[in-house]
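Undergrad: Structure file my_file-v8.tsv (TSV, C-alpha atoms) right here:
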chain	number	residue	atom	x	y	z
A	157	MET	CA	-60.10	-16.63	-49.58
A	158	GLY	CA	-60.21	-19.71	-47.38
A	159	SER	CA	-62.67	-21.54	-49.66
A	160	THR	CA	-61.54	-24.39	-51.89
A	161	MET	CA	-64.53	-24.57	-54.23
A	162	GLU	CA	-64.47	-26.57	-57.43
A	163	PRO	CA	-66.28	-25.54	-60.63
A	164	ARG	CA	-69.93	-26.50	-60.76
A	165	GLY	CA	-70.75	-29.75	-62.46
A	166	GLY	CA	-68.33	-32.01	-60.56
A	167	GLY	CA	-69.11	-34.73	-58.06
A	168	TYR	CA	-71.40	-34.28	-55.11
A	169	LEU	CA	-68.45	-34.17	-52.70
A	170	HIS	CA	-65.59	-31.76	-53.06
A	171	LEU	CA	-62.66	-33.94	-52.05
A	172	GLY	CA	-60.24	-31.19	-53.02
A	173	ALA	CA	-61.27	-29.44	-49.81
A	174	LEU	CA	-59.33	-32.16	-47.96
A	175	THR	CA	-56.24	-32.36	-50.14
A	176	SER	CA	-55.49	-28.66	-50.65
A	177	PRO	CA	-52.98	-26.97	-48.28
A	178	VAL	CA	-55.80	-25.18	-46.46
A	179	GLY	CA	-57.82	-28.40	-46.30
A	180	THR	CA	-54.84	-30.27	-44.87
A	181	ALA	CA	-54.48	-27.62	-42.17
A	182	ARG	CA	-58.17	-28.03	-41.30
A	183	VAL	CA	-57.90	-31.79	-41.10
A	184	LEU	CA	-54.93	-31.38	-38.74
A	185	GLN	CA	-56.98	-28.94	-36.67
A	186	LEU	CA	-59.67	-31.58	-36.18
A	187	ALA	CA	-57.10	-34.28	-35.40
A	188	PHE	CA	-55.14	-32.19	-32.89
A	189	GLY	CA	-58.30	-30.71	-31.37
A	190	CYS	CA	-59.90	-34.12	-30.84
A	191	THR	CA	-56.68	-35.49	-29.35
A	192	THR	CA	-56.29	-32.54	-26.97
A	193	LEU	CA	-59.89	-32.74	-25.78
A	194	SER	CA	-59.64	-36.50	-25.28
A	195	LEU	CA	-56.41	-36.34	-23.31
A	196	VAL	CA	-57.69	-33.62	-20.99
A	197	ALA	CA	-61.14	-35.13	-20.49
A	198	HIS	CA	-59.86	-38.67	-19.92
A	199	ARG	CA	-57.08	-38.24	-17.37
A	200	GLY	CA	-55.56	-34.78	-17.64
A	201	GLY	CA	-58.24	-32.84	-15.78
A	202	PHE	CA	-59.41	-29.27	-16.16
A	203	ALA	CA	-60.51	-28.00	-12.75
A	204	GLY	CA	-61.08	-24.31	-12.08
A	205	PRO	CA	-61.90	-21.39	-14.39
A	206	GLN	CA	-58.65	-21.74	-16.34
A	207	GLY	CA	-59.36	-25.37	-17.16
A	208	ALA	CA	-62.96	-24.59	-18.05
A	209	PHE	CA	-61.81	-21.85	-20.42
A	210	CYS	CA	-59.34	-24.17	-22.13
A	211	MET	CA	-61.95	-26.87	-22.64
A	212	ALA	CA	-64.49	-24.33	-23.90
A	213	ALA	CA	-61.95	-22.85	-26.33
A	214	TRP	CA	-60.90	-26.26	-27.68
A	215	GLY	CA	-64.50	-27.43	-27.92
A	216	PHE	CA	-65.61	-24.30	-29.76
A	217	CYS	CA	-62.70	-24.49	-32.21
A	218	PHE	CA	-63.23	-28.20	-32.83
A	219	ALA	CA	-66.98	-27.79	-33.48
A	220	LEU	CA	-66.52	-24.84	-35.86
A	221	SER	CA	-63.63	-26.52	-37.68
A	222	GLY	CA	-65.79	-29.57	-38.23
A	223	LEU	CA	-68.60	-27.37	-39.54
A	224	VAL	CA	-66.27	-25.49	-41.90
A	225	LEU	CA	-64.71	-28.64	-43.29
A	226	GLY	CA	-68.10	-30.33	-43.62
A	227	CYS	CA	-69.52	-27.38	-45.54
A	228	GLU	CA	-66.47	-27.29	-47.81
A	229	VAL	CA	-66.65	-30.99	-48.63
A	230	THR	CA	-70.41	-31.00	-49.25
A	231	ARG	CA	-70.51	-27.50	-50.82
A	232	LEU	CA	-73.28	-26.53	-48.41
A	233	HIS	CA	-71.62	-23.14	-47.86
A	234	CYS	CA	-72.96	-22.14	-51.30
A	235	CYS	CA	-76.44	-22.18	-49.74
A	236	LEU	CA	-75.52	-19.95	-46.81
A	237	ARG	CA	-76.30	-16.25	-46.92
A	238	LEU	CA	-72.89	-15.07	-45.85
A	239	SER	CA	-69.48	-14.37	-47.29
A	240	TRP	CA	-67.77	-17.72	-46.84
A	241	GLY	CA	-64.28	-16.33	-47.38
A	242	ASN	CA	-64.80	-13.65	-44.73
A	243	PHE	CA	-66.30	-16.17	-42.32
A	244	THR	CA	-63.50	-18.72	-42.62
A	245	ALA	CA	-60.77	-16.06	-42.39
A	246	ALA	CA	-62.33	-14.51	-39.30
A	247	PHE	CA	-62.85	-17.88	-37.63
A	248	ALA	CA	-59.30	-19.04	-38.38
A	249	MET	CA	-57.87	-15.91	-36.74
A	250	LEU	CA	-60.17	-16.20	-33.74
A	251	ALA	CA	-59.37	-19.90	-33.34
A	252	ALA	CA	-55.64	-19.15	-33.54
A	253	LEU	CA	-55.99	-16.63	-30.70
A	254	LEU	CA	-58.14	-18.94	-28.56
A	255	SER	CA	-55.91	-21.96	-29.10
A	256	ALA	CA	-52.80	-19.90	-28.39
A	257	THR	CA	-54.30	-18.69	-25.09
A	258	ALA	CA	-55.32	-22.21	-24.11
A	259	ALA	CA	-51.91	-23.58	-25.12
A	260	VAL	CA	-50.33	-21.17	-22.63
A	261	LEU	CA	-52.87	-21.42	-19.81
A	262	TYR	CA	-53.19	-25.20	-19.63
A	263	PRO	CA	-49.52	-26.13	-19.12
A	264	LEU	CA	-49.05	-23.08	-16.90
A	265	HIS	CA	-51.77	-24.18	-14.48
A	266	PHE	CA	-51.80	-27.97	-14.87
A	267	ALA	CA	-48.62	-29.42	-16.41
A	268	ARG	CA	-45.84	-30.25	-13.95
A	269	LEU	CA	-42.82	-32.52	-14.20
A	270	GLN	CA	-43.54	-33.87	-10.73
A	271	CYS	CA	-46.25	-36.48	-10.31
A	272	PRO	CA	-49.38	-35.19	-8.52
A	273	PRO	CA	-50.55	-37.06	-5.41
A	274	ALA	CA	-52.87	-40.06	-5.60
A	275	PRO	CA	-55.29	-40.89	-7.04
A	276	ALA	CA	-54.15	-38.88	-10.08
A	277	GLY	CA	-50.53	-40.00	-9.97
A	278	CYS	CA	-47.98	-39.99	-12.76
A	279	ALA	CA	-50.57	-41.03	-15.33
A	280	ALA	CA	-52.31	-37.67	-14.95
A	281	ARG	CA	-48.98	-35.88	-15.34
A	282	ASP	CA	-48.25	-37.74	-18.58
A	283	PHE	CA	-51.70	-36.97	-19.97
A	284	ARG	CA	-51.32	-33.28	-19.10
A	285	LEU	CA	-47.91	-33.03	-20.74
A	286	ALA	CA	-49.20	-34.78	-23.86
A	287	ALA	CA	-52.24	-32.49	-23.94
A	288	SER	CA	-49.96	-29.47	-23.70
A	289	VAL	CA	-47.95	-30.68	-26.70
A	290	PHE	CA	-51.05	-31.26	-28.83
A	291	ALA	CA	-52.49	-27.91	-27.72
A	292	GLY	CA	-49.37	-26.26	-29.15
A	293	LEU	CA	-49.72	-28.25	-32.39
A	294	LEU	CA	-53.37	-27.18	-32.60
A	295	PHE	CA	-52.35	-23.53	-32.46
A	296	LEU	CA	-49.77	-24.10	-35.20
A	297	ALA	CA	-52.45	-25.68	-37.41
A	298	TYR	CA	-54.71	-22.63	-37.06
A	299	ALA	CA	-51.77	-20.28	-37.56
A	300	ALA	CA	-50.92	-22.17	-40.75
A	301	GLU	CA	-54.44	-21.60	-42.09
A	302	VAL	CA	-54.21	-17.89	-41.30
A	303	ALA	CA	-50.87	-17.69	-43.13
A	304	LEU	CA	-52.18	-19.65	-46.14
A	305	THR	CA	-55.36	-17.61	-46.56
A	306	ARG	CA	-53.98	-14.14	-45.76
A	307	ALA	CA	-54.39	-11.77	-48.68
A	308	ARG	CA	-51.32	-10.42	-50.44
A	309	PRO	CA	-51.13	-6.85	-51.84
A	310	GLY	CA	-53.06	-6.55	-55.11
A	311	GLN	CA	-54.71	-9.94	-54.69
A	312	VAL	CA	-58.46	-10.44	-55.03
A	313	ALA	CA	-59.48	-11.20	-51.46
A	314	SER	CA	-62.15	-11.11	-48.81
A	315	TYR	CA	-61.81	-8.21	-46.40
A	316	MET	CA	-61.31	-10.42	-43.34
A	317	ALA	CA	-58.36	-12.10	-45.06
A	318	THR	CA	-56.48	-8.80	-45.29
A	319	VAL	CA	-54.18	-7.59	-42.53
A	320	SER	CA	-56.77	-4.96	-41.60
A	321	GLY	CA	-59.49	-7.60	-41.29
A	322	LEU	CA	-57.32	-9.92	-39.23
A	323	LEU	CA	-56.37	-7.05	-36.93
A	324	LYS	CA	-60.07	-6.47	-36.27
A	325	ILE	CA	-60.29	-9.96	-34.74
A	326	VAL	CA	-57.23	-9.35	-32.60
A	327	GLN	CA	-58.60	-5.99	-31.44
A	328	ALA	CA	-61.89	-7.58	-30.38
A	329	PHE	CA	-60.04	-10.40	-28.61
A	330	VAL	CA	-57.86	-7.96	-26.67
A	331	ALA	CA	-60.97	-5.98	-25.72
A	332	CYS	CA	-62.47	-9.17	-24.25
A	333	ILE	CA	-59.36	-9.56	-22.08
A	334	VAL	CA	-59.86	-5.97	-20.90
A	335	PHE	CA	-63.51	-6.68	-20.07
A	336	GLY	CA	-62.50	-9.75	-18.11
A	337	ALA	CA	-60.06	-7.71	-16.04
A	338	LEU	CA	-62.67	-4.98	-15.50
A	339	ALA	CA	-65.13	-7.56	-14.22
A	340	GLN	CA	-62.68	-8.34	-11.42
A	341	ASP	CA	-62.65	-4.68	-10.37
A	342	ALA	CA	-66.16	-3.41	-11.09
A	343	ALA	CA	-66.24	-1.17	-8.01
A	344	GLY	CA	-62.84	0.34	-8.77
A	345	TYR	CA	-63.53	1.88	-12.16
A	346	ARG	CA	-66.82	3.38	-10.95
A	347	ARG	CA	-65.07	5.70	-8.51
A	348	TYR	CA	-64.21	8.33	-11.14
A	349	ALA	CA	-65.97	9.65	-14.21
A	350	ALA	CA	-62.62	9.48	-16.03
A	351	THR	CA	-62.29	5.71	-15.57
A	352	GLN	CA	-65.93	5.28	-16.56
A	353	TRP	CA	-65.07	7.16	-19.76
A	354	CYS	CA	-62.30	4.62	-20.41
A	355	VAL	CA	-64.74	1.75	-19.99
A	356	ALA	CA	-67.11	3.47	-22.41
A	357	VAL	CA	-64.24	3.75	-24.92
A	358	TYR	CA	-63.49	0.03	-24.62
A	359	GLY	CA	-67.14	-0.88	-25.08
A	360	LEU	CA	-67.79	1.48	-27.98
A	361	CYS	CA	-64.72	0.40	-29.92
A	362	PHE	CA	-65.48	-3.27	-29.30
A	363	LEU	CA	-69.06	-2.92	-30.57
A	364	ALA	CA	-67.93	-1.01	-33.66
A	365	THR	CA	-65.23	-3.59	-34.41
A	366	ALA	CA	-67.71	-6.43	-33.94
A	367	ALA	CA	-70.10	-4.64	-36.32
A	368	VAL	CA	-67.36	-4.40	-38.97
A	369	VAL	CA	-66.65	-8.12	-38.66
A	370	ALA	CA	-70.36	-8.99	-38.77
A	371	LEU	CA	-70.99	-6.85	-41.87
A	372	SER	CA	-68.02	-8.46	-43.59
A	373	VAL	CA	-69.17	-11.98	-42.78
A	374	LEU	CA	-72.70	-11.17	-43.95
A	375	GLY	CA	-71.32	-9.97	-47.28
A	376	HIS	CA	-71.87	-6.22	-46.92
A	377	ALA	CA	-68.21	-5.17	-47.31
A	378	SER	CA	-68.81	-3.13	-50.45
A	379	GLY	CA	-69.41	0.42	-51.59
A	380	PRO	CA	-68.25	2.98	-49.00
A	381	PHE	CA	-67.37	0.22	-46.52
A	382	GLU	CA	-63.60	0.62	-46.82
A	383	HIS	CA	-63.76	4.40	-46.36
A	384	ALA	CA	-66.11	4.11	-43.38
A	385	VAL	CA	-63.83	1.55	-41.71
A	386	ALA	CA	-60.82	3.82	-42.19
A	387	VAL	CA	-62.68	6.74	-40.57
A	388	TYR	CA	-63.79	4.54	-37.68
A	389	THR	CA	-60.24	3.26	-37.17
A	390	PHE	CA	-58.95	6.83	-36.97
A	391	LEU	CA	-61.59	7.68	-34.35
A	392	ALA	CA	-60.74	4.50	-32.44
A	393	VAL	CA	-57.08	5.56	-32.32
A	394	LEU	CA	-58.09	8.90	-30.80
A	395	LEU	CA	-60.43	7.24	-28.28
A	396	TYR	CA	-57.85	4.67	-27.21
A	397	LEU	CA	-55.21	7.38	-26.99
A	398	SER	CA	-57.39	9.22	-24.47
A	399	ALA	CA	-57.92	6.02	-22.48
A	400	ALA	CA	-54.18	5.26	-22.57
A	401	VAL	CA	-53.57	8.60	-20.87
A	402	VAL	CA	-56.53	8.73	-18.48
A	403	TRP	CA	-56.56	5.14	-17.14
A	404	PRO	CA	-52.99	5.02	-15.73
A	405	VAL	CA	-53.37	8.49	-14.17
A	406	PHE	CA	-56.55	7.65	-12.29
A	407	CYS	CA	-55.42	4.16	-11.30
A	408	PHE	CA	-51.72	4.53	-10.46
A	409	ASP	CA	-51.11	8.20	-9.68
A	410	PRO	CA	-50.79	8.72	-5.88
A	411	LYS	CA	-53.44	11.47	-6.00
A	412	TYR	CA	-56.15	9.12	-7.30
A	413	GLY	CA	-54.95	5.53	-6.98
A	414	GLU	CA	-52.13	3.28	-5.84
A	415	PRO	CA	-48.77	3.46	-7.64
A	416	ARG	CA	-47.61	0.14	-6.13
A	417	ARG	CA	-49.23	-3.21	-5.54
A	418	PRO	CA	-50.56	-3.50	-1.96
A	419	PRO	CA	-48.49	-6.05	-0.01
A	420	ASP	CA	-51.58	-7.73	1.44
A	421	CYS	CA	-53.32	-8.14	-1.93
A	422	ALA	CA	-54.31	-11.77	-2.54
A	423	ARG	CA	-52.91	-13.35	-5.68
A	424	GLY	CA	-55.61	-13.88	-8.30
A	425	ARG	CA	-58.09	-11.62	-6.51
A	426	CYS	CA	-56.20	-8.34	-6.42
A	427	ALA	CA	-57.94	-5.29	-7.89
A	428	TRP	CA	-54.58	-3.62	-8.50
A	429	ASP	CA	-53.53	-6.51	-10.74
A	430	SER	CA	-56.74	-6.16	-12.75
A	431	ARG	CA	-56.09	-2.43	-13.26
A	432	LEU	CA	-52.56	-3.20	-14.43
A	433	VAL	CA	-53.90	-5.75	-16.94
A	434	VAL	CA	-56.35	-3.17	-18.27
A	435	ALA	CA	-53.55	-0.60	-18.63
A	436	ILE	CA	-51.26	-3.03	-20.47
A	437	PHE	CA	-53.88	-4.21	-22.92
A	438	THR	CA	-55.11	-0.66	-23.47
A	439	TYR	CA	-51.68	0.11	-24.91
A	440	VAL	CA	-51.71	-3.17	-26.85
A	441	ASN	CA	-55.01	-2.29	-28.50
A	442	LEU	CA	-53.86	1.26	-29.16
A	443	LEU	CA	-50.88	-0.11	-31.08
A	444	LEU	CA	-53.16	-2.52	-32.96
A	445	TYR	CA	-55.48	0.30	-34.03
A	446	VAL	CA	-52.51	2.43	-35.10
A	447	ALA	CA	-51.15	-0.45	-37.18
A	448	ASP	CA	-54.63	-1.02	-38.63
A	449	LEU	CA	-54.91	2.65	-39.60
A	450	ALA	CA	-51.45	2.69	-41.17
A	451	TYR	CA	-52.19	-0.44	-43.19
A	452	SER	CA	-55.59	0.81	-44.38
A	453	GLN	CA	-53.96	4.00	-45.70
A	454	ARG	CA	-51.18	2.13	-47.50
A	455	ILE	CA	-52.96	-0.77	-49.16
A	456	ARG	CA	-56.34	-1.23	-50.82
A	457	PHE	CA	-57.95	-4.65	-51.07
A	458	LEU	CA	-59.88	-5.94	-54.08
A	459	PRO	CA	-63.15	-7.51	-52.88
A	460	ALA	CA	-63.62	-11.15	-53.74
A	461	PRO	CA	-66.59	-11.83	-56.05
Would you give me this structure, written as structure tokens?

TA:
Amino acid sequence: MGSTMEPRGGGYLHLGALTSPVGTARVLQLAFGCTTLSLVAHRGGFAGPQGAFCMAAWGFCFALSGLVLGCEVTRLHCCLRLSWGNFTAAFAMLAALLSATAAVLYPLHFARLQCPPAPAGCAARDFRLAASVFAGLLFLAYAAEVALTRARPGQVASYMATVSGLLKIVQAFVACIVFGALAQDAAGYRRYAATQWCVAVYGLCFLATAAVVALSVLGHASGPFEHAVAVYTFLAVLLYLSAAVVWPVFCFDPKYGEPRRPPDCARGRCAWDSRLVVAIFTYVNLLLYVADLAYSQRIRFLPAP
């Protein structure tokens, strides 16, 4: 899935990679990504960690989209020792998540209807609003590729194009959000062995999920792979269920932590906020693993040749 190869023996360039629905989505990704980066870099501005993240996300997505489209047009992906369908499906899902996050963060922190003070002025406001619009269009382009390449029941497909494979990318992305929140409260989770257990759960499940994605992209999703992934997903559900119980108790119960946000806690640097983020996304990932397990028991995918 995700590849638009032509039969061997045609021209040197595969122009169908540009005119197919998936190819059109990729061309739009490059166009919207380049426009967004240009608007922000020229006059919009991207100060602070939020702006740096947005620029890094857009730059990463633009570079990889260019690589994918270039390999499709030149057929160079046939020379790569990886499963191209798994790679493109995984990247499209990751890019959709990154672009969606950036499309929310940038206007939230930078776009305002009022003109900023000089020397930026109203020109900077206009560039930021335009960048926010194109950032949203960029997300829609990646979402369109995910929708076009997603495997349907009974269809010959790469593992990463199935719902289970796409959920693996979302699970890893949510785990990264958890790690980011934990980094803001490193001293807090070290106070109890129970919270350290939760951190170990997050790390172990993230590494296992990353290993599943890596094996799929490298073309090793065969043999007992599907059964092993189902067993791992079941274990991940149990591990996250334990963390979903332990983390809130040791962070928000009056006996161990603080049930309410301290009134003197600085916005953006409050450990209590970080613990709340970890709790919320622990439940999000638990639901994702449960959905993954339910899907893997209901549907079998047919590996792409």

Undergrad: Just to confirm, what's the straight-line distance from atom CA of Ser398 of chain A to atom CA of Val319 of chain A in Å (one decimal)?

TA: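 So the answer is 24.9 Å.
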
Undergrad: Using all atoms listed in the file, find the one residue out of A:Leu394, A:Met249, A:Ala287, A:Val385 that sits nearest to Gly201 of chain A.

TA: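 Looking at the shortest contact to Gly201 of chain A, the residue is A:Ala287.
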
Undergrad: Go ahead and compute the interatomic distance for atom CA of Pro263 of chain A and atom CA of Leu285 of chain A, in Å to one decimal.

TA: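 Spanning atom CA of Pro263 of chain A to atom CA of Leu285 of chain A is a straight-line distance of 7.3 Å.
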
Undergrad: So that I can see what lies close to segment 292-298 of chain A, please list as a PyMOL selection string the residues with an atom at most 12 Å from it, counting only C-alpha atoms and leaving out residues fewer than 3 positions away in the same chain.

TA: chain A and resi 177-193+213-214+217-218+221+244-263+285-289+301-305

Undergrad: Quick one: pull the distance between atom CA of Arg308 of chain A and atom CA of Arg237 of chain A, Å, one decimal.

TA: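 Atom CA of Arg237 of chain A lies at a distance of 25.9 Å from atom CA of Arg308 of chain A.
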
Undergrad: List the spatial neighbours of Val387 of chain A as a ChimeraX atom specification - criterion: any atom at most 9 Å away, all atoms listed in the file, same-chain residues fewer than 5 positions off excluded.

TA: /A:382,392,449

Undergrad: May I have the residues within 9 Å of Tyr168 of chain A as a list in words, using all atoms listed in the file and disregarding those fewer than 5 positions away in the same chain?

TA: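 Within the cut-off, the hits are Val229, Thr230 and Arg231 of chain A.
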
Undergrad: Considering only C-alpha atoms, give me a table of residues in segment 343-390 of chain A that are at most 9 Å from segment 330-335 of chain A, with the closest atom pair and distance in Å for each, as JSON lines.

TA:
{"residue": "A:Val355", "atom": "CA", "partner": "A:Phe335", "partner_atom": "CA", "distance": 8.5}
{"residue": "A:Tyr358", "atom": "CA", "partner": "A:Ala331", "partner_atom": "CA", "distance": 6.6}
{"residue": "A:Gly359", "atom": "CA", "partner": "A:Ala331", "partner_atom": "CA", "distance": 8.0}
{"residue": "A:Cys361", "atom": "CA", "partner": "A:Ala331", "partner_atom": "CA", "distance": 8.5}
{"residue": "A:Phe362", "atom": "CA", "partner": "A:Ala331", "partner_atom": "CA", "distance": 6.4}

Undergrad: Neighbours of segment 341-350 of chain A within 10 Å (all atoms listed in the file; same-chain residues fewer than 4 positions away dropped), as a list in words?

TA: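 In the requested format, the answer is Phe335, Gly336, Ala337, Cys354, Val355, Ala356, Ser398, Ala399, Val402, Trp403, Val405, Phe406, Cys407, Tyr412, Gly413, Arg425, Cys426, Ala427, Trp428, Asp429, Ser430 and Arg431 of chain A.
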
Undergrad: Write a file of the selected residues as a short mmCIF file (atom, residue, chain, number, x, y, z; two decimals), keeping the file's coordinate frame, keeping C-alpha atoms.

TA:
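Result saved to out.cif:
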data_model
loop_
_atom_site.label_atom_id
_atom_site.label_comp_id
_atom_site.auth_asym_id
_atom_site.auth_seq_id
_atom_site.Cartn_x
_atom_site.Cartn_y
_atom_site.Cartn_z
CA PHE A 335 -63.51 -6.68 -20.07
CA GLY A 336 -62.50 -9.75 -18.11
CA ALA A 337 -60.06 -7.71 -16.04
CA CYS A 354 -62.30 4.62 -20.41
CA VAL A 355 -64.74 1.75 -19.99
CA ALA A 356 -67.11 3.47 -22.41
CA SER A 398 -57.39 9.22 -24.47
CA ALA A 399 -57.92 6.02 -22.48
CA VAL A 402 -56.53 8.73 -18.48
CA TRP A 403 -56.56 5.14 -17.14
CA VAL A 405 -53.37 8.49 -14.17
CA PHE A 406 -56.55 7.65 -12.29
CA CYS A 407 -55.42 4.16 -11.30
CA TYR A 412 -56.15 9.12 -7.30
CA GLY A 413 -54.95 5.53 -6.98
CA ARG A 425 -58.09 -11.62 -6.51
CA CYS A 426 -56.20 -8.34 -6.42
CA ALA A 427 -57.94 -5.29 -7.89
CA TRP A 428 -54.58 -3.62 -8.50
CA ASP A 429 -53.53 -6.51 -10.74
CA SER A 430 -56.74 -6.16 -12.75
CA ARG A 431 -56.09 -2.43 -13.26
#

Undergrad: Using all atoms listed in the file for the distances, tell me which of A:Leu338, A:Ser314, A:His265, A:Ala386 is nearest to Phe209 of chain A.

TA: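 For Phe209 of chain A, the nearest of the candidates is A:His265.
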
Undergrad: Select, from A:Cys271, A:Cys227, A:Leu442, A:Gly172, the residue with the minimum atom-to-atom distance to Leu395 of chain A, counting all atoms listed in the file.

TA: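 Smallest separation from Leu395 of chain A among the options: A:Leu442.
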
Undergrad: Could you write out as JSON the box around segment 246-259 of chain A (axis-aligned, all atoms listed in the file, 8 Å on each side), with centre and edge lengths in Å to one decimal?

TA:
{"center_x": -57.4, "center_y": -19.0, "center_z": -31.7, "size_x": 26.9, "size_y": 25.1, "size_z": 31.2}

Undergrad: Rank nothing, just name the residue among A:Phe390, A:Ser176, A:Ala267, A:Thr365 nearest to Leu225 of chain A, using only C-alpha atoms.

TA: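 For Leu225 of chain A, the nearest of the given residues is A:Ser176.
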
Undergrad: Please provide as a list in words all residues within 9 Å of Gly321 of chain A, with the sequence filter that same-chain residues fewer than 3 positions apart are discarded (counting all atoms listed in the file).

TA: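 Once the nearby chain positions are removed, what remains is Asn242, Ala245, Ala246, Ser314, Tyr315, Met316, Ala317, Thr318, Lys324, Ile325, Val368, Val369, Ser372 and Asp448 of chain A.
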
Undergrad: Have a look at A:Leu397, A:Ala197, A:Ala300, A:Ser320 and name the one nearest to Met211 of chain A; count only C-alpha atoms.

TA: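 Nearest to Met211 of chain A: A:Ala197.
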
Undergrad: Find the residue from A:Leu269, A:Ala291, A:Ala219, A:Cys235 that sits nearest to Leu195 of chain A; use all atoms listed in the file when measuring.

TA: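 Between A:Leu269, A:Ala291, A:Ala219, A:Cys235, the residue approaching Leu195 of chain A most closely is A:Ala291.
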